[in-house]
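In what follows, a structure is listed as structure tokens, so that the remarks can point back to it.
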Amino acid sequence: MELERHLQALVEANMETMLGIRFVASEYSTGRVHRGRIDTLGLDEDGSPVIVEFKRSRSESVLSQGLFYLAWLVDHRAEFEGLVAGRFGEEVAAAVDWSSPRVVCIAADFNRYDVVAAGMSHHRVDLVVYQQYEGDFVTLELVASVAGGCGGSASRRAEADRAAPSARRGVRESLDHASADLRALYASLDERLLELGDGLCVELQHYLAYRRRRNYACVRVLARELVVVLNVDPSTVKLEPGWTRDLRTVGHLGTGDLEVRIASPEDLTRAVPLLAASFEAAA
């Protein structure tokens, strides 16, 4: 684009559609100590704080800049929650989930060093490439996304411990105290969800979020079953009491409109088409 601010203005005006992030503030000053200005502050669908940084051309220092501002953000939680309260109300501000804040970097291109550096940061980082076509048509492509780890493998769990230790007091504790059968069932679900394609898992306080550009599955661990919220239109599914439920008029944890309860390997097998449909919808 001709100017960086044009790209920023376009994305900010359409953040929820393009990134699944609600706009909170633009060009926000970090004060005299940090002496910086955050391009965009937002709140994602999980209630996690988001910093969005833009570069008109190649990535340059956009990743290190975003991580620099992330350090400021986690030290100024009350200030961010005040911004959220002013825009969305006190209830939304009280529900901000600080277990896994994000940095989204948008640029014309990234090199392999940027991708490796994002993975080594141990924070949630998305690298997004924009492309402009004739007629002011713009696309955003997620080229790398780092979750900080989660799921069934030891490496993903170790990453989660470093990146978001507070998350273990919620969903991780539930999983650690579950029966051996339920932990094995979750491991199978985790494998099914991640083998669908380019998704990743983020361990939040109340649930495990599997996501691409948006969440495609939010998993909670109950005493005897797994509750999965999917990005599937319930009107397209034959609902079965005790297995699937329409959440469109029901308050719930996780993002999506269809609830699926998985208590056995058989439940997981018949849920696979729904998992795949939700994965495709989250592209």
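Numbering starts fresh at 1 for the residues of each chain in the structure tokens, the chains themselves are lettered A, B, ... in the order given, and ligands are numbered from 1 as they appear.
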Exercise. Taking the DSSP assignment computed from this structure's backbone, write out as an NGL selection string all residues of segment 43-241 of chain A that belong to strand (DSSP E).
Key: :A and (43-44 or 49-54 or 102-107 or 124-133 or 137-146 or 200-203 or 208-211 or 215-221 or 226-230)
Restricting the output to N, CA and C atoms, write the selected residues as a short mmCIF file (atom, residue, chain, number, x, y, z; two decimals), in the first residue's frame.
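So the final result, stored in out_4.cif, reads:
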data_model
loop_
_atom_site.label_atom_id
_atom_site.label_comp_id
_atom_site.auth_asym_id
_atom_site.auth_seq_id
_atom_site.Cartn_x
_atom_site.Cartn_y
_atom_site.Cartn_z
N LEU A 43 -9.46 -6.99 21.25
CA LEU A 43 -9.90 -8.06 22.15
C LEU A 43 -10.42 -9.18 21.26
N ASP A 44 -9.83 -10.38 21.39
CA ASP A 44 -10.23 -11.43 20.46
C ASP A 44 -11.46 -12.18 20.95
N PRO A 49 -6.44 -10.13 25.31
CA PRO A 49 -5.94 -8.86 24.77
C PRO A 49 -5.08 -9.12 23.53
N VAL A 50 -5.14 -8.20 22.56
CA VAL A 50 -4.39 -8.34 21.32
C VAL A 50 -3.71 -7.03 20.97
N ILE A 51 -2.44 -7.13 20.58
CA ILE A 51 -1.71 -6.01 20.00
C ILE A 51 -1.56 -6.29 18.51
N VAL A 52 -1.93 -5.33 17.66
CA VAL A 52 -1.78 -5.48 16.22
C VAL A 52 -0.79 -4.42 15.74
N GLU A 53 0.28 -4.87 15.07
CA GLU A 53 1.29 -3.96 14.53
C GLU A 53 1.36 -4.12 13.02
N PHE A 54 1.53 -3.01 12.31
CA PHE A 54 1.49 -2.99 10.85
C PHE A 54 2.82 -2.53 10.27
N ARG A 102 -2.11 -11.87 22.88
CA ARG A 102 -1.61 -12.14 21.53
C ARG A 102 -0.93 -10.93 20.91
N VAL A 103 -0.02 -11.22 19.96
CA VAL A 103 0.55 -10.20 19.10
C VAL A 103 0.25 -10.61 17.66
N VAL A 104 -0.37 -9.72 16.89
CA VAL A 104 -0.64 -9.97 15.47
C VAL A 104 0.17 -8.97 14.66
N CYS A 105 1.05 -9.49 13.81
CA CYS A 105 1.90 -8.65 12.96
C CYS A 105 1.42 -8.76 11.52
N ILE A 106 1.11 -7.62 10.90
CA ILE A 106 0.62 -7.59 9.53
C ILE A 106 1.61 -6.83 8.67
N ALA A 107 2.11 -7.48 7.61
CA ALA A 107 3.11 -6.86 6.73
C ALA A 107 2.97 -7.42 5.33
N ARG A 124 1.95 -15.98 22.19
CA ARG A 124 1.04 -16.16 21.06
C ARG A 124 1.32 -15.09 20.02
N VAL A 125 1.73 -15.53 18.85
CA VAL A 125 2.10 -14.60 17.77
C VAL A 125 1.48 -15.09 16.46
N ASP A 126 0.84 -14.18 15.74
CA ASP A 126 0.34 -14.45 14.39
C ASP A 126 1.08 -13.55 13.42
N LEU A 127 1.61 -14.14 12.35
CA LEU A 127 2.22 -13.38 11.27
C LEU A 127 1.27 -13.42 10.09
N VAL A 128 0.81 -12.26 9.66
CA VAL A 128 -0.21 -12.15 8.62
C VAL A 128 0.33 -11.32 7.46
N VAL A 129 0.21 -11.85 6.26
CA VAL A 129 0.64 -11.14 5.05
C VAL A 129 -0.58 -10.54 4.36
N TYR A 130 -0.49 -9.26 4.02
CA TYR A 130 -1.56 -8.63 3.25
C TYR A 130 -1.14 -8.53 1.79
N GLN A 131 -2.13 -8.53 0.91
CA GLN A 131 -1.86 -8.31 -0.51
C GLN A 131 -2.99 -7.46 -1.08
N GLN A 132 -2.61 -6.45 -1.84
CA GLN A 132 -3.58 -5.54 -2.44
C GLN A 132 -3.66 -5.79 -3.93
N TYR A 133 -4.90 -5.83 -4.44
CA TYR A 133 -5.14 -6.04 -5.86
C TYR A 133 -5.83 -4.81 -6.45
N PHE A 137 -9.03 -4.26 -3.65
CA PHE A 137 -9.34 -5.56 -3.07
C PHE A 137 -8.13 -6.03 -2.28
N VAL A 138 -8.34 -6.35 -1.00
CA VAL A 138 -7.23 -6.70 -0.12
C VAL A 138 -7.49 -8.06 0.53
N THR A 139 -6.46 -8.89 0.57
CA THR A 139 -6.56 -10.18 1.25
C THR A 139 -5.57 -10.22 2.41
N LEU A 140 -5.92 -10.98 3.44
CA LEU A 140 -5.02 -11.27 4.56
C LEU A 140 -4.80 -12.77 4.60
N GLU A 141 -3.53 -13.18 4.71
CA GLU A 141 -3.20 -14.61 4.78
C GLU A 141 -2.36 -14.87 6.01
N LEU A 142 -2.82 -15.80 6.84
CA LEU A 142 -2.08 -16.19 8.03
C LEU A 142 -0.94 -17.12 7.60
N VAL A 143 0.31 -16.66 7.70
CA VAL A 143 1.44 -17.46 7.23
C VAL A 143 2.15 -18.19 8.36
N ALA A 144 1.96 -17.77 9.59
CA ALA A 144 2.53 -18.48 10.74
C ALA A 144 1.74 -18.08 11.98
N SER A 145 1.53 -19.06 12.85
CA SER A 145 0.80 -18.80 14.08
C SER A 145 1.39 -19.66 15.19
N VAL A 146 1.80 -19.03 16.27
CA VAL A 146 2.42 -19.73 17.38
C VAL A 146 1.48 -19.64 18.58
N LEU A 200 -3.99 -24.89 15.33
CA LEU A 200 -3.15 -24.98 16.52
C LEU A 200 -4.03 -24.86 17.74
N CYS A 201 -3.46 -25.12 18.89
CA CYS A 201 -4.22 -25.12 20.13
C CYS A 201 -3.65 -24.10 21.11
N VAL A 202 -4.54 -23.34 21.71
CA VAL A 202 -4.16 -22.35 22.71
C VAL A 202 -4.83 -22.72 24.03
N GLU A 203 -4.05 -22.80 25.09
CA GLU A 203 -4.58 -23.17 26.39
C GLU A 203 -5.00 -21.92 27.14
N LEU A 208 -9.73 -25.10 26.09
CA LEU A 208 -8.67 -25.24 25.11
C LEU A 208 -9.23 -24.80 23.76
N ALA A 209 -8.62 -23.78 23.17
CA ALA A 209 -9.13 -23.22 21.91
C ALA A 209 -8.28 -23.72 20.75
N TYR A 210 -8.91 -24.43 19.83
CA TYR A 210 -8.25 -24.87 18.60
C TYR A 210 -8.64 -23.88 17.51
N ARG A 211 -7.63 -23.30 16.82
CA ARG A 211 -7.95 -22.18 15.96
C ARG A 211 -7.12 -22.17 14.69
N ASN A 215 -11.45 -19.50 15.98
CA ASN A 215 -11.58 -20.77 16.67
C ASN A 215 -12.44 -21.73 15.86
N TYR A 216 -12.04 -23.00 15.83
CA TYR A 216 -12.92 -24.00 15.23
C TYR A 216 -13.36 -25.06 16.24
N ALA A 217 -12.77 -25.05 17.43
CA ALA A 217 -13.24 -25.94 18.50
C ALA A 217 -12.78 -25.40 19.84
N CYS A 218 -13.68 -25.34 20.80
CA CYS A 218 -13.35 -24.93 22.16
C CYS A 218 -13.72 -26.10 23.07
N VAL A 219 -12.74 -26.65 23.77
CA VAL A 219 -12.92 -27.90 24.51
C VAL A 219 -12.85 -27.63 26.01
N ARG A 220 -13.88 -28.07 26.72
CA ARG A 220 -13.88 -28.06 28.17
C ARG A 220 -13.88 -29.50 28.68
N VAL A 221 -13.27 -29.68 29.85
CA VAL A 221 -13.14 -31.02 30.44
C VAL A 221 -14.05 -31.10 31.67
N LEU A 226 -16.15 -34.71 27.57
CA LEU A 226 -15.58 -33.51 26.98
C LEU A 226 -16.70 -32.74 26.31
N VAL A 227 -16.74 -31.44 26.54
CA VAL A 227 -17.74 -30.58 25.90
C VAL A 227 -17.02 -29.74 24.85
N VAL A 228 -17.45 -29.88 23.60
CA VAL A 228 -16.78 -29.20 22.48
C VAL A 228 -17.78 -28.23 21.85
N VAL A 229 -17.38 -26.97 21.74
CA VAL A 229 -18.20 -25.95 21.07
C VAL A 229 -17.60 -25.71 19.69
N LEU A 230 -18.44 -25.84 18.65
CA LEU A 230 -17.97 -25.77 17.27
C LEU A 230 -18.58 -24.60 16.53
#
Quiz item: Can you list every residue in segment 85-256 of chain A that DSSP puts in alpha helix (DSSP H), as an MDAnalysis selection string?
Solution: chainID A and resid 85:88 90:94 112:120 154:163 171:176 180:194
Produce a table with one row for each residue of segment 29-133 of chain A that has an atom at most 8 Å from any atom of segment 7-13 of chain A, each row naming the nearest atom pair and its distance in Å at one decimal; use only C-alpha atoms; arrange rows by chain and rising residue number; format as JSON lines.
{"residue": "A:Asp39", "atom": "CA", "partner": "A:Gln8", "partner_atom": "CA", "distance": 7.8}
{"residue": "A:Thr40", "atom": "CA", "partner": "A:Glu12", "partner_atom": "CA", "distance": 7.6}
{"residue": "A:Phe54", "atom": "CA", "partner": "A:Gln8", "partner_atom": "CA", "distance": 6.6}
{"residue": "A:Arg56", "atom": "CA", "partner": "A:Leu7", "partner_atom": "CA", "distance": 7.2}
Using C-alpha atoms, can you export the residues from the last selection as a compact mmCIF listing (two decimals), in the first residue's frame?
# COMPACT_ATOMS: atom_id res chain seq x y z
CA ASP A 39 -0.73 0.72 16.36
CA THR A 40 -3.92 -1.08 17.44
CA PHE A 54 1.49 -2.99 10.85
CA ARG A 56 3.52 -1.41 4.77
Practice problem: Skip Ala223 of chain A itself and residues of its chain fewer than 5 positions away, then list as a PyMOL selection string all residues within 12 Å of it, counting only C-alpha atoms. | Solution: chain A and resi 171+173-183+262-263
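Nearest residue to Asn14 of chain A among A:Gly42, A:Ala95, A:Thr30, A:Val237 is A:Gly42, counting only C-alpha atoms.
Atom CA of His123 of chain A sits 22.3 Å away from atom CA of Glu191 of chain A.
Among the candidates A:His252, A:Leu258, A:Leu275, A:Glu4, the one nearest to Thr236 of chain A when counting only C-alpha atoms is A:Leu258.
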Quiz item: Using only C-alpha atoms, which residue out of A:Arg87, A:Lys55, A:His34, A:Arg270 lies closest to Trp72 of chain A?
Solution: A:His34
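Closest to Leu41 of chain A among A:Ala25, A:Ala271, A:Ala277, A:Ala85 is A:Ala25, based on only C-alpha atoms.
Minimum atom-to-atom distances from A:Ala108, A:Val96, A:Ala147, A:Leu247 to Gly82 of chain A were compared using only C-alpha atoms, and the lowest value belongs to A:Val96.
You will find atom CA of Asp198 of chain A at 27.4 Å from atom CA of Tyr69 of chain A.
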